[in-house]
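Structure file coords25.tsv (TSV, C-alpha atoms) follows.
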chain	number	residue	atom	x	y	z
R	1	PHE	CA	37.72	21.02	-35.38
R	2	LEU	CA	34.07	21.33	-34.72
R	3	MET	CA	32.17	18.41	-33.43
R	4	ALA	CA	29.56	15.80	-34.05
R	5	SER	CA	26.18	16.84	-32.72
R	6	LYS	CA	22.90	15.95	-31.08
R	7	ASN	CA	20.88	19.13	-31.01
R	8	ILE	CA	19.40	20.51	-27.81
R	9	GLN	CA	15.97	21.93	-28.45
R	10	ARG	CA	16.15	25.36	-26.92
R	11	PRO	CA	13.26	27.52	-25.83
R	12	GLY	CA	12.11	30.14	-28.31
R	13	ALA	CA	14.87	32.64	-28.94
R	14	GLN	CA	14.15	36.20	-28.02
R	15	PRO	CA	13.40	38.00	-31.30
R	16	LEU	CA	15.24	41.24	-31.77
R	17	HIS	CA	15.39	44.02	-34.29
R	18	MET	CA	18.72	43.28	-35.96
R	19	VAL	CA	20.55	45.98	-37.85
R	20	SER	CA	23.79	45.94	-39.73
R	21	PRO	CA	26.56	45.15	-38.92
R	22	LEU	CA	26.08	41.49	-38.05
R	23	VAL	CA	28.64	39.12	-36.52
R	24	GLU	CA	28.52	35.44	-35.62
R	25	CYS	CA	30.30	33.81	-32.67
R	26	VAL	CA	30.92	30.03	-32.57
R	27	PRO	CA	32.47	29.04	-29.22
R	28	ASN	CA	33.30	25.39	-28.58
R	29	ILE	CA	33.13	24.44	-24.91
R	30	SER	CA	34.72	21.34	-23.37
R	31	GLU	CA	31.49	19.74	-22.16
R	32	GLY	CA	29.19	17.59	-24.25
R	33	ARG	CA	27.55	15.25	-21.74
R	34	ASN	CA	26.04	17.22	-18.86
R	35	LEU	CA	23.11	18.95	-20.55
R	36	ALA	CA	22.15	20.94	-17.46
R	37	VAL	CA	25.62	22.48	-17.27
R	38	ILE	CA	25.60	23.19	-21.01
R	39	GLU	CA	22.24	24.94	-20.70
R	40	SER	CA	23.46	27.08	-17.82
R	41	ILE	CA	26.40	28.24	-19.95
R	42	VAL	CA	24.22	28.93	-22.98
R	43	ASP	CA	21.78	30.84	-20.78
R	44	ALA	CA	24.56	33.32	-20.08
R	45	VAL	CA	24.37	34.23	-23.78
R	46	ARG	CA	20.58	34.16	-24.00
R	47	GLN	CA	20.38	36.62	-21.12
R	48	THR	CA	22.71	39.05	-22.92
R	49	SER	CA	20.68	41.71	-24.69
R	50	GLY	CA	21.08	41.67	-28.47
R	51	CYS	CA	22.35	38.08	-28.75
R	52	THR	CA	20.33	35.40	-30.53
R	53	VAL	CA	21.37	31.77	-30.04
R	54	LEU	CA	21.11	29.93	-33.36
R	55	GLY	CA	22.44	26.52	-32.38
R	56	VAL	CA	23.56	24.36	-29.45
R	57	GLU	CA	25.14	21.06	-30.52
R	58	PRO	CA	26.68	18.78	-27.89
R	59	ASP	CA	28.55	15.58	-28.64
R	60	HIS	CA	29.00	12.84	-26.06
R	61	ASP	CA	32.06	11.13	-27.58
R	62	TYR	CA	33.96	14.36	-28.20
R	63	ASN	CA	32.66	15.74	-24.88
R	64	ARG	CA	32.32	19.09	-26.57
R	65	THR	CA	29.52	21.46	-27.53
R	66	VAL	CA	29.40	23.88	-30.46
R	67	ILE	CA	27.35	27.00	-29.70
R	68	THR	CA	26.38	29.50	-32.39
R	69	PHE	CA	24.98	32.96	-31.72
R	70	ALA	CA	24.76	36.18	-33.68
R	71	GLY	CA	23.96	39.85	-33.33
R	72	GLU	CA	25.42	43.33	-33.42
R	73	PRO	CA	29.17	43.29	-32.63
R	74	ASP	CA	29.08	44.94	-29.21
R	75	CYS	CA	26.28	42.64	-28.07
R	76	VAL	CA	28.01	39.52	-29.37
R	77	GLY	CA	31.23	40.59	-27.66
R	78	LYS	CA	29.37	40.89	-24.37
R	79	GLY	CA	27.72	37.53	-24.96
R	80	ALA	CA	31.12	35.91	-25.52
R	81	ILE	CA	32.42	37.44	-22.29
R	82	GLU	CA	29.47	36.05	-20.34
R	83	LEU	CA	29.82	32.62	-21.93
R	84	ILE	CA	33.53	32.40	-21.12
R	85	LYS	CA	32.95	33.52	-17.54
R	86	ALA	CA	30.19	30.92	-17.11
R	87	SER	CA	32.39	28.20	-18.62
R	88	VAL	CA	35.27	29.02	-16.27
R	89	GLU	CA	32.81	28.86	-13.37
R	90	HIS	CA	31.04	25.61	-14.28
R	91	LEU	CA	33.66	23.46	-16.06
R	92	ASP	CA	36.80	21.74	-14.78
R	93	MET	CA	39.45	20.56	-17.24
R	94	ARG	CA	40.95	18.27	-14.58
R	95	LEU	CA	37.88	16.06	-15.05
R	96	HIS	CA	37.57	16.33	-18.82
R	97	GLN	CA	38.04	13.41	-21.19
R	98	GLY	CA	36.99	13.29	-24.83
R	99	GLU	CA	38.00	12.33	-28.34
R	100	HIS	CA	38.62	15.86	-29.63
R	101	PRO	CA	41.80	17.93	-29.15
R	102	ARG	CA	41.25	20.74	-26.63
R	103	LEU	CA	43.19	23.26	-24.58
R	104	GLY	CA	40.65	24.58	-22.09
R	105	VAL	CA	37.04	25.00	-21.01
R	106	VAL	CA	36.40	27.27	-24.00
R	107	ASP	CA	38.69	25.61	-26.47
R	108	VAL	CA	38.02	28.16	-29.19
R	109	CYS	CA	35.83	31.25	-29.52
R	110	PRO	CA	35.89	32.72	-33.05
R	111	PHE	CA	34.13	35.85	-34.31
R	112	VAL	CA	32.94	35.59	-37.92
R	113	PRO	CA	31.90	38.58	-40.06
R	114	LEU	CA	28.46	38.08	-41.62
R	115	LYS	CA	27.26	41.48	-42.81
R	116	GLY	CA	28.51	45.07	-42.67
R	117	ILE	CA	31.68	44.27	-40.72
R	118	THR	CA	35.26	43.55	-41.79
R	119	MET	CA	37.60	40.81	-40.66
R	120	ASP	CA	39.86	43.45	-39.08
R	121	GLU	CA	36.92	44.71	-37.03
R	122	CYS	CA	36.15	41.18	-35.88
R	123	ALA	CA	39.80	40.77	-34.90
R	124	GLU	CA	39.58	43.95	-32.86
R	125	LEU	CA	36.40	42.63	-31.23
R	126	ALA	CA	38.25	39.44	-30.24
R	127	ARG	CA	41.13	41.44	-28.75
R	128	GLY	CA	38.67	43.61	-26.81
R	129	VAL	CA	36.96	40.53	-25.34
R	130	VAL	CA	40.30	39.09	-24.23
R	131	ASP	CA	41.43	42.43	-22.78
R	132	ALA	CA	38.23	42.72	-20.75
R	133	LEU	CA	38.36	39.13	-19.48
R	134	SER	CA	42.05	39.26	-18.58
R	135	HIS	CA	41.21	41.92	-15.98
R	136	GLU	CA	38.57	39.65	-14.39
R	137	LEU	CA	39.89	36.10	-14.77
R	138	ASP	CA	43.30	34.74	-13.84
R	139	VAL	CA	43.43	32.30	-16.77
R	140	PRO	CA	45.56	32.13	-19.95
R	141	PHE	CA	44.15	33.70	-23.13
R	142	PHE	CA	45.48	33.02	-26.61
R	143	LEU	CA	44.59	35.02	-29.73
R	144	TYR	CA	44.44	33.26	-33.10
R	145	GLY	CA	43.33	33.71	-36.70
R	146	ALA	CA	43.01	37.31	-37.85
R	147	ALA	CA	43.45	38.45	-34.22
R	148	ALA	CA	46.79	36.63	-33.79
R	149	SER	CA	49.71	38.64	-32.41
R	150	SER	CA	52.17	37.04	-34.85
R	151	LYS	CA	52.15	34.79	-37.91
R	152	GLU	CA	53.31	31.84	-35.78
R	153	ARG	CA	50.10	32.09	-33.75
R	154	VAL	CA	47.55	32.26	-36.57
R	155	MET	CA	46.69	28.55	-36.66
R	156	LEU	CA	44.61	27.16	-33.81
R	157	SER	CA	46.36	23.81	-34.16
R	158	ASP	CA	49.74	25.46	-33.51
R	159	LEU	CA	48.53	27.15	-30.33
R	160	ARG	CA	46.74	24.00	-29.14
R	161	ARG	CA	49.73	21.69	-29.68
R	162	GLY	CA	50.24	19.53	-26.59
R	163	GLU	CA	46.65	20.23	-25.56
R	164	TYR	CA	45.55	20.68	-21.96
R	165	GLU	CA	47.89	17.96	-20.72
R	166	GLY	CA	50.90	19.92	-21.98
R	167	LEU	CA	49.82	23.31	-20.67
R	168	GLU	CA	51.46	22.99	-17.28
R	169	ALA	CA	54.86	22.40	-18.89
R	170	ARG	CA	54.33	25.38	-21.20
R	171	LEU	CA	53.62	27.72	-18.30
R	172	SER	CA	56.29	26.20	-16.05
R	173	GLU	CA	59.12	26.43	-18.60
R	174	GLY	CA	59.31	22.65	-18.77
R	175	PRO	CA	59.95	20.57	-21.89
R	176	CYS	CA	57.06	20.95	-24.35
R	177	ASP	CA	56.14	21.04	-28.03
R	178	HIS	CA	56.42	24.83	-28.25
R	179	ASN	CA	59.16	27.35	-28.89
R	180	GLU	CA	59.10	30.89	-27.56
R	181	SER	CA	56.85	32.13	-30.37
R	182	THR	CA	53.87	30.02	-29.26
R	183	ARG	CA	54.59	28.89	-25.70
R	184	LEU	CA	52.97	31.65	-23.63
R	185	PRO	CA	49.47	33.17	-23.76
R	186	ASP	CA	48.80	36.66	-25.13
R	187	ARG	CA	46.95	37.84	-22.00
R	188	GLY	CA	46.08	36.61	-18.55
R	189	ALA	CA	47.86	34.05	-16.40
R	190	ILE	CA	51.37	33.05	-17.47
R	191	GLU	CA	52.07	30.71	-14.57
R	192	TRP	CA	50.46	27.39	-13.64
R	193	ASN	CA	48.18	27.47	-10.60
R	194	GLU	CA	44.98	25.80	-9.41
R	195	THR	CA	42.78	28.26	-11.30
R	196	VAL	CA	44.61	27.53	-14.54
R	197	ALA	CA	44.51	23.79	-13.83
R	198	LYS	CA	40.72	24.07	-13.71
R	199	SER	CA	40.22	26.37	-16.71
R	200	GLY	CA	43.00	25.38	-19.07
R	201	GLY	CA	43.79	27.84	-21.85
R	202	ILE	CA	41.12	29.81	-23.72
R	203	THR	CA	41.60	30.71	-27.39
R	204	VAL	CA	39.73	33.66	-28.94
R	205	GLY	CA	40.03	34.91	-32.50
R	206	ALA	CA	38.49	35.94	-35.79
R	207	ARG	CA	38.12	33.90	-38.96
R	208	PRO	CA	36.04	33.59	-42.13
R	209	ILE	CA	33.08	31.24	-42.31
R	210	LEU	CA	34.21	27.63	-42.28
R	211	VAL	CA	32.15	24.47	-42.49
R	212	ALA	CA	32.64	21.83	-39.82
R	213	TYR	CA	31.93	18.68	-41.79
R	214	ASN	CA	32.16	15.10	-40.53
R	215	VAL	CA	31.88	12.08	-42.80
R	216	ASN	CA	30.62	8.86	-41.16
R	217	VAL	CA	32.55	5.63	-41.77
R	218	ASP	CA	30.85	2.29	-41.17
R	219	GLU	CA	33.44	0.83	-38.78
R	220	LYS	CA	33.66	0.69	-35.00
R	221	GLU	CA	37.40	1.25	-34.78
R	222	ALA	CA	38.65	4.35	-36.56
R	223	ILE	CA	41.27	2.46	-38.57
R	224	VAL	CA	40.04	3.45	-42.02
R	225	ALA	CA	38.76	6.83	-40.83
R	226	LYS	CA	42.22	7.77	-39.55
R	227	LYS	CA	43.80	6.73	-42.85
R	228	ILE	CA	41.31	8.81	-44.79
R	229	GLY	CA	41.81	11.81	-42.52
R	230	SER	CA	45.56	11.73	-43.02
R	231	ILE	CA	45.17	11.53	-46.82
R	232	VAL	CA	42.50	14.18	-47.42
R	233	ARG	CA	43.76	16.90	-45.05
R	234	SER	CA	45.85	19.60	-46.72
R	235	SER	CA	48.82	19.03	-44.41
R	236	GLY	CA	49.08	15.41	-45.57
R	237	ARG	CA	51.04	12.79	-43.69
R	238	LEU	CA	54.19	13.29	-41.63
R	239	LEU	CA	56.78	10.68	-42.64
R	240	LYS	CA	59.90	9.82	-40.64
R	241	SER	CA	63.15	8.09	-41.52
R	242	ASN	CA	64.93	5.61	-39.27
R	243	SER	CA	67.31	8.42	-38.30
R	244	GLY	CA	64.47	10.69	-37.23
R	245	GLN	CA	64.35	12.95	-40.30
R	246	LYS	CA	60.85	14.20	-41.13
R	247	ILE	CA	59.09	15.00	-44.38
R	248	ARG	CA	55.44	15.68	-45.28
R	249	THR	CA	53.30	14.48	-48.14
R	250	VAL	CA	50.91	16.81	-49.93
R	251	GLY	CA	47.29	16.37	-48.88
R	252	MET	CA	44.52	15.43	-51.30
R	253	LEU	CA	42.12	18.33	-50.60
R	254	LYS	CA	42.76	22.07	-50.44
R	255	LYS	CA	42.16	24.13	-47.29
R	256	VAL	CA	41.00	21.13	-45.24
R	257	GLN	CA	41.88	20.07	-41.71
R	258	GLY	CA	41.00	16.48	-40.92
R	259	MET	CA	41.40	13.51	-38.61
R	260	GLY	CA	39.74	10.15	-37.97
R	261	VAL	CA	37.95	9.47	-34.69
R	262	MET	CA	35.73	6.85	-33.07
R	263	LEU	CA	32.11	7.53	-32.13
R	264	GLU	CA	31.46	4.86	-29.52
R	265	GLU	CA	27.93	6.07	-28.85
R	266	LEU	CA	26.90	5.36	-32.46
R	267	GLY	CA	29.22	2.41	-33.06
R	268	ILE	CA	30.82	4.09	-36.08
R	269	SER	CA	33.81	6.30	-36.88
R	270	GLN	CA	34.14	9.70	-38.51
R	271	VAL	CA	36.48	11.66	-40.69
R	272	SER	CA	36.17	14.97	-38.84
R	273	MET	CA	37.01	17.91	-41.09
R	274	ASN	CA	37.09	21.68	-41.17
R	275	LEU	CA	36.48	22.93	-44.69
R	276	LEU	CA	38.26	26.26	-44.50
R	277	ASP	CA	37.15	27.34	-48.00
R	278	VAL	CA	34.10	25.57	-49.44
R	279	GLY	CA	34.76	27.32	-52.73
R	280	LEU	CA	38.00	25.35	-53.10
R	281	THR	CA	36.75	22.15	-51.43
R	282	PRO	CA	32.95	21.95	-51.56
R	283	LEU	CA	30.93	19.56	-49.44
R	284	HIS	CA	30.31	17.06	-52.22
R	285	LEU	CA	34.01	16.87	-53.13
R	286	ALA	CA	34.97	16.15	-49.51
R	287	TYR	CA	32.25	13.50	-49.27
R	288	LYS	CA	33.07	11.75	-52.53
R	289	ALA	CA	36.80	11.78	-51.79
R	290	CYS	CA	36.16	10.06	-48.45
R	291	GLU	CA	33.77	7.63	-50.13
R	292	SER	CA	36.36	6.67	-52.76
R	293	LEU	CA	39.09	6.12	-50.17
R	294	ALA	CA	36.78	4.12	-47.91
R	295	ARG	CA	35.91	1.78	-50.77
R	296	ASP	CA	39.62	1.32	-51.49
R	297	HIS	CA	39.71	-0.21	-47.98
R	298	ASN	CA	36.53	-2.29	-48.47
R	299	THR	CA	34.55	0.04	-46.22
R	300	GLU	CA	31.43	2.10	-46.86
R	301	LEU	CA	30.30	5.49	-45.67
R	302	CYS	CA	27.07	5.88	-43.69
R	303	GLY	CA	26.18	9.49	-44.29
R	304	SER	CA	27.74	12.67	-42.99
R	305	GLU	CA	27.12	15.57	-40.68
R	306	ILE	CA	27.35	19.35	-40.73
R	307	VAL	CA	28.11	20.78	-37.30
R	308	GLY	CA	26.93	24.28	-36.57
R	309	LEU	CA	25.67	26.33	-39.50
R	310	VAL	CA	26.50	26.15	-43.21
R	311	PRO	CA	26.26	28.86	-45.91
R	312	LEU	CA	23.37	28.42	-48.33
R	313	PRO	CA	25.60	28.53	-51.46
R	314	ALA	CA	27.55	25.50	-50.19
R	315	MET	CA	24.33	23.48	-49.95
R	316	LEU	CA	23.13	24.67	-53.35
R	317	ASP	CA	26.42	23.64	-54.98
R	318	ALA	CA	26.14	20.17	-53.44
R	319	GLY	CA	22.53	19.91	-54.59
R	320	ARG	CA	23.51	20.74	-58.18
R	321	PHE	CA	26.14	18.00	-58.06
R	322	PHE	CA	23.77	15.30	-56.86
R	323	GLN	CA	20.62	16.44	-58.73
R	324	PRO	CA	21.55	18.85	-61.56
R	325	GLY	CA	17.95	19.01	-62.76
R	326	CYS	CA	16.67	20.73	-59.60
R	327	LYS	CA	15.72	24.38	-60.00
R	328	SER	CA	14.48	25.83	-56.71
R	329	GLU	CA	16.62	26.43	-53.63
R	330	GLN	CA	14.42	24.11	-51.59
R	331	GLU	CA	14.84	21.28	-54.11
R	332	LEU	CA	18.60	21.78	-54.29
R	333	VAL	CA	18.94	21.78	-50.52
R	334	MET	CA	16.96	18.57	-50.20
R	335	ALA	CA	19.09	16.99	-52.95
R	336	ALA	CA	22.20	17.93	-50.95
R	337	VAL	CA	20.73	16.53	-47.73
R	338	GLU	CA	19.96	13.22	-49.46
R	339	GLY	CA	23.20	13.01	-51.43
R	340	LEU	CA	25.38	13.73	-48.40
R	341	GLY	CA	23.31	11.50	-46.10
R	342	LEU	CA	22.91	14.29	-43.57
R	343	ASN	CA	19.97	12.65	-41.81
R	344	ILE	CA	21.26	9.08	-41.58
R	345	HIS	CA	22.80	9.35	-38.11
R	346	HIS	CA	22.13	13.02	-37.32
R	347	ASP	CA	19.36	15.56	-37.54
R	348	PHE	CA	19.86	18.22	-40.22
R	349	ASP	CA	17.12	20.84	-40.27
R	350	PRO	CA	17.73	23.33	-43.12
R	351	GLN	CA	15.77	26.04	-41.33
R	352	ARG	CA	18.14	25.85	-38.36
R	353	HIS	CA	21.42	24.77	-39.96
R	354	ILE	CA	21.67	27.03	-43.02
R	355	ILE	CA	23.04	30.41	-41.94
R	356	GLU	CA	20.87	32.59	-44.16
R	357	TRP	CA	17.65	30.73	-43.33
R	358	ALA	CA	18.39	30.55	-39.60
R	359	LEU	CA	19.10	34.28	-39.42
R	360	SER	CA	15.94	35.10	-41.38
R	361	ARG	CA	13.92	32.81	-39.11
R	362	GLU	CA	15.32	34.14	-35.84
R	363	VAL	CA	16.23	37.77	-36.37
R	364	GLY	CA	14.88	38.80	-39.74
R	365	ALA	CA	18.37	39.54	-41.06
Could you write out this structure as structure tokens?
Amino acid sequence: FLMASKNIQRPGAQPLHMVSPLVECVPNISEGRNLAVIESIVDAVRQTSGCTVLGVEPDHDYNRTVITFAGEPDCVGKGAIELIKASVEHLDMRLHQGEHPRLGVVDVCPFVPLKGITMDECAELARGVVDALSHELDVPFFLYGAAASSKERVMLSDLRRGEYEGLEARLSEGPCDHNESTRLPDRGAIEWNETVAKSGGITVGARPILVAYNVNVDEKEAIVAKKIGSIVRSSGRLLKSNSGQKIRTVGMLKKVQGMGVMLEELGISQVSMNLLDVGLTPLHLAYKACESLARDHNTELCGSEIVGLVPLPAMLDAGRFFQPGCKSEQELVMAAVEGLGLNIHHDFDPQRHIIEWALSREVGA
């Protein structure tokens, strides 16, 4: 899951002459409160030639920051290496607490094909980054998504099961939530030590564009939000019998990961979702589904939030739903912003948060 955000205003990005192919990298680091430390980690990317930082979005409650940068594949690979090295240097998982599931200082680092590059090439880029880092850093590296070493390791949630707190048992052959297909890392350290205790596990991979979308629920405790999350997510609810037998329901929405969480800083809760395919589950469907379920529990929504960047077609589709009479892209985007309540608790700037517009603004892609 990607997180709720309060944008850091960064200095002007270094413009560069961008040529095809173009790849995006969206690392999530386990620090969302110490802005000076976050900036020092992001600076490692900014100082990498050919990388343009498009977004830096920390969240205090999740204690997590989503960073988005783009460029030519080799440059982005080098930027990811520098970011991971800086995160291992500056962050300490032994001190980390937050609302979001996490495995290590760089909980996830996906490469996303944008233009002139295939998913297989992005997967190879992820493997190359991990190979390079495993020679420098004595920390565990896991590969996921299109870069996964087996089908059992494709899903981030499967590799992250047990989170940081369960990592010591995984690497020490103690009792844990993993079998042999997912227990050990693909590269790097395979035994628990002080370095691993500080870094945790780092997950690198390749995936298509997804939309990190959080719907705000007007409640302090995440009681209704957790119910909604368990209903809308594709995996549904896990049900148990008195004898311990397990069975799952079918989720309401397709290709959606979701959970309910508290946002103490804002005094509200969220249904935090990853929309893995906005063609199957568009933004407005996810929002209206959550709205309907909230009202079933006598609760209202108070807007929503897009974390990181969103494809322009997803915003246009939402705009057509809320205001079908709009014609221009600008009008449709503003209709989507209003209909989804994207500026109620958070700051949504279309020029920075829509992938196509941000790339055009920063790198002329």
_Given all atoms listed in the file as the basis, pick out the residue of R:Pro282, R:Lys85, R:Ala289, R:Thr299 nearest to Arg320 of chain R._
R:Pro282
*Residues near Met93 of chain R, cut-off 9 Å, all atoms listed in the file, skip fewer than 2 positions along chain, as a list in words*: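 In the requested form, the answer reads Ser30, Leu91, Leu95, His96, Gln97, Leu103, Gly104, Val105, Tyr164, Ala197, Lys198, Ser199 and Gly200 of chain R.
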Using the selection just defined, write its residues with C-alpha atoms as a PDB file, keeping the file's coordinate frame.
ATOM      1  CA  SER R  30      34.720  21.340 -23.370  1.00  0.00           C
ATOM      2  CA  LEU R  91      33.660  23.460 -16.060  1.00  0.00           C
ATOM      3  CA  LEU R  95      37.880  16.060 -15.050  1.00  0.00           C
ATOM      4  CA  HIS R  96      37.570  16.330 -18.820  1.00  0.00           C
ATOM      5  CA  GLN R  97      38.040  13.410 -21.190  1.00  0.00           C
ATOM      6  CA  LEU R 103      43.190  23.260 -24.580  1.00  0.00           C
ATOM      7  CA  GLY R 104      40.650  24.580 -22.090  1.00  0.00           C
ATOM      8  CA  VAL R 105      37.040  25.000 -21.010  1.00  0.00           C
ATOM      9  CA  TYR R 164      45.550  20.680 -21.960  1.00  0.00           C
ATOM     10  CA  ALA R 197      44.510  23.790 -13.830  1.00  0.00           C
ATOM     11  CA  LYS R 198      40.720  24.070 -13.710  1.00  0.00           C
ATOM     12  CA  SER R 199      40.220  26.370 -16.710  1.00  0.00           C
ATOM     13  CA  GLY R 200      43.000  25.380 -19.070  1.00  0.00           C
TER      14      GLY R 200
END
*Which is closest to Gly201 of chain R among R:Ile67, R:Val139, R:Ala80, R:Ala126, if we use all atoms listed in the file?*
R:Val139
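Across the model, the gap from atom CA of Gly229 of chain R to atom CA of Arg352 of chain R is 27.8 Å.
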_Nearby residues (only C-alpha atoms) at most 12 Å from Val307 of chain R, same-chain spacing under 2 positions excluded, as a PyMOL selection string_ = chain R and resi 1-7+26+28+55-59+64-68+210-215+272-275+304-305+309-311+342+346-349+352-355
Write the selection just made, keeping C-alpha atoms, as a compact mmCIF listing (two decimals), in the frame of the given file?
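Contents of out_35.txt, as written:
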# COMPACT_ATOMS: atom_id res chain seq x y z
CA PHE R 1 37.72 21.02 -35.38
CA LEU R 2 34.07 21.33 -34.72
CA MET R 3 32.17 18.41 -33.43
CA ALA R 4 29.56 15.80 -34.05
CA SER R 5 26.18 16.84 -32.72
CA LYS R 6 22.90 15.95 -31.08
CA ASN R 7 20.88 19.13 -31.01
CA VAL R 26 30.92 30.03 -32.57
CA ASN R 28 33.30 25.39 -28.58
CA GLY R 55 22.44 26.52 -32.38
CA VAL R 56 23.56 24.36 -29.45
CA GLU R 57 25.14 21.06 -30.52
CA PRO R 58 26.68 18.78 -27.89
CA ASP R 59 28.55 15.58 -28.64
CA ARG R 64 32.32 19.09 -26.57
CA THR R 65 29.52 21.46 -27.53
CA VAL R 66 29.40 23.88 -30.46
CA ILE R 67 27.35 27.00 -29.70
CA THR R 68 26.38 29.50 -32.39
CA LEU R 210 34.21 27.63 -42.28
CA VAL R 211 32.15 24.47 -42.49
CA ALA R 212 32.64 21.83 -39.82
CA TYR R 213 31.93 18.68 -41.79
CA ASN R 214 32.16 15.10 -40.53
CA VAL R 215 31.88 12.08 -42.80
CA SER R 272 36.17 14.97 -38.84
CA MET R 273 37.01 17.91 -41.09
CA ASN R 274 37.09 21.68 -41.17
CA LEU R 275 36.48 22.93 -44.69
CA SER R 304 27.74 12.67 -42.99
CA GLU R 305 27.12 15.57 -40.68
CA LEU R 309 25.67 26.33 -39.50
CA VAL R 310 26.50 26.15 -43.21
CA PRO R 311 26.26 28.86 -45.91
CA LEU R 342 22.91 14.29 -43.57
CA HIS R 346 22.13 13.02 -37.32
CA ASP R 347 19.36 15.56 -37.54
CA PHE R 348 19.86 18.22 -40.22
CA ASP R 349 17.12 20.84 -40.27
CA ARG R 352 18.14 25.85 -38.36
CA HIS R 353 21.42 24.77 -39.96
CA ILE R 354 21.67 27.03 -43.02
CA ILE R 355 23.04 30.41 -41.94
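The nearest approach to Glu191 of chain R among the residues R:Arg233, R:Glu165, R:Ala318, R:Asp138, with all atoms listed in the file taken into account, belongs to R:Asp138.
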*Find the residues near Val76 of chain R: any atom within 8 Å, counting all atoms listed in the file, skip ones fewer than 5 places away on the same chain, and give them as a list in words.*
Val23, Glu24, Cys25, Gly50, Cys51, Phe69, Ala70 and Gly71 of chain R
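Residues in contact with segment 205-209 of chain R at 7 Å, where all atoms listed in the file are counted and same-chain residues fewer than 4 positions away are skipped, are listed as R:Cys109, R:Pro110, R:Phe111, R:Val112, R:Pro113, R:Met119, R:Cys122, R:Ala123, R:Ala126, R:Leu143, R:Tyr144, R:Gly145, R:Ala146, R:Ala147.
Remark: for Val256 of chain R, the closest of the candidate residues R:Val271, R:Leu167, R:Ile202, R:Val53 is R:Val271 (distances computed over all atoms listed in the file).
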*What is the distance between atom CA of Ser149 of chain R and atom CA of Val204 of chain R, in Å to one decimal?*
11.7 Å
*Nearest-residue call for Ala358 of chain R, choices R:Gly174, R:Gly251, R:Gly260, R:Gly308, using all atoms listed in the file*: R:Gly308
*Using all atoms listed in the file, find all polymer residues with an atom at most 10 Å away from the point (43.0, 12.0, -39.7); report them as a PyMOL selection string.*
chain R and resi 222-233+236-237+257-261+270-273
Writer output for current selection, C-alpha atoms, as a PDB file, in the frame of the given file:
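Written output follows (part.pdb):
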ATOM      1  CA  ALA R 222      38.650   4.350 -36.560  1.00  0.00           C
ATOM      2  CA  ILE R 223      41.270   2.460 -38.570  1.00  0.00           C
ATOM      3  CA  VAL R 224      40.040   3.450 -42.020  1.00  0.00           C
ATOM      4  CA  ALA R 225      38.760   6.830 -40.830  1.00  0.00           C
ATOM      5  CA  LYS R 226      42.220   7.770 -39.550  1.00  0.00           C
ATOM      6  CA  LYS R 227      43.800   6.730 -42.850  1.00  0.00           C
ATOM      7  CA  ILE R 228      41.310   8.810 -44.790  1.00  0.00           C
ATOM      8  CA  GLY R 229      41.810  11.810 -42.520  1.00  0.00           C
ATOM      9  CA  SER R 230      45.560  11.730 -43.020  1.00  0.00           C
ATOM     10  CA  ILE R 231      45.170  11.530 -46.820  1.00  0.00           C
ATOM     11  CA  VAL R 232      42.500  14.180 -47.420  1.00  0.00           C
ATOM     12  CA  ARG R 233      43.760  16.900 -45.050  1.00  0.00           C
ATOM     13  CA  GLY R 236      49.080  15.410 -45.570  1.00  0.00           C
ATOM     14  CA  ARG R 237      51.040  12.790 -43.690  1.00  0.00           C
ATOM     15  CA  GLN R 257      41.880  20.070 -41.710  1.00  0.00           C
ATOM     16  CA  GLY R 258      41.000  16.480 -40.920  1.00  0.00           C
ATOM     17  CA  MET R 259      41.400  13.510 -38.610  1.00  0.00           C
ATOM     18  CA  GLY R 260      39.740  10.150 -37.970  1.00  0.00           C
ATOM     19  CA  VAL R 261      37.950   9.470 -34.690  1.00  0.00           C
ATOM     20  CA  GLN R 270      34.140   9.700 -38.510  1.00  0.00           C
ATOM     21  CA  VAL R 271      36.480  11.660 -40.690  1.00  0.00           C
ATOM     22  CA  SER R 272      36.170  14.970 -38.840  1.00  0.00           C
ATOM     23  CA  MET R 273      37.010  17.910 -41.090  1.00  0.00           C
TER      24      MET R 273
END
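Across R:Leu263, R:Leu133, R:Met252, R:Cys75, the tightest approach to Thr52 of chain R is made by R:Cys75 when counting only C-alpha atoms.
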Mind dumping segment 280-298 of chain R from that block, keeping C-alpha atoms, as an mmCIF file, in the first residue's frame?
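In the end it all went to selection_23.cif:
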data_model
loop_
_atom_site.group_PDB
_atom_site.id
_atom_site.type_symbol
_atom_site.label_atom_id
_atom_site.label_comp_id
_atom_site.auth_asym_id
_atom_site.auth_seq_id
_atom_site.Cartn_x
_atom_site.Cartn_y
_atom_site.Cartn_z
ATOM 1 C CA LEU R 280 -11.404 -2.693 -13.974
ATOM 2 C CA THR R 281 -11.918 -0.594 -10.825
ATOM 3 C CA PRO R 282 -11.818 3.119 -11.649
ATOM 4 C CA LEU R 283 -11.418 5.818 -9.029
ATOM 5 C CA HIS R 284 -15.081 6.794 -8.967
ATOM 6 C CA LEU R 285 -16.226 3.182 -8.505
ATOM 7 C CA ALA R 286 -13.888 2.711 -5.536
ATOM 8 C CA TYR R 287 -15.069 5.998 -4.023
ATOM 9 C CA LYS R 288 -18.780 5.366 -4.486
ATOM 10 C CA ALA R 289 -18.489 1.799 -3.170
ATOM 11 C CA CYS R 290 -16.849 3.097 0.012
ATOM 12 C CA GLU R 291 -19.444 5.859 0.271
ATOM 13 C CA SER R 292 -22.319 3.372 0.011
ATOM 14 C CA LEU R 293 -20.840 1.063 2.646
ATOM 15 C CA ALA R 294 -20.070 3.960 4.992
ATOM 16 C CA ARG R 295 -23.676 5.135 4.824
ATOM 17 C CA ASP R 296 -24.839 1.591 5.608
ATOM 18 C CA HIS R 297 -23.001 2.148 8.926
ATOM 19 C CA ASN R 298 -24.384 5.683 9.456
#
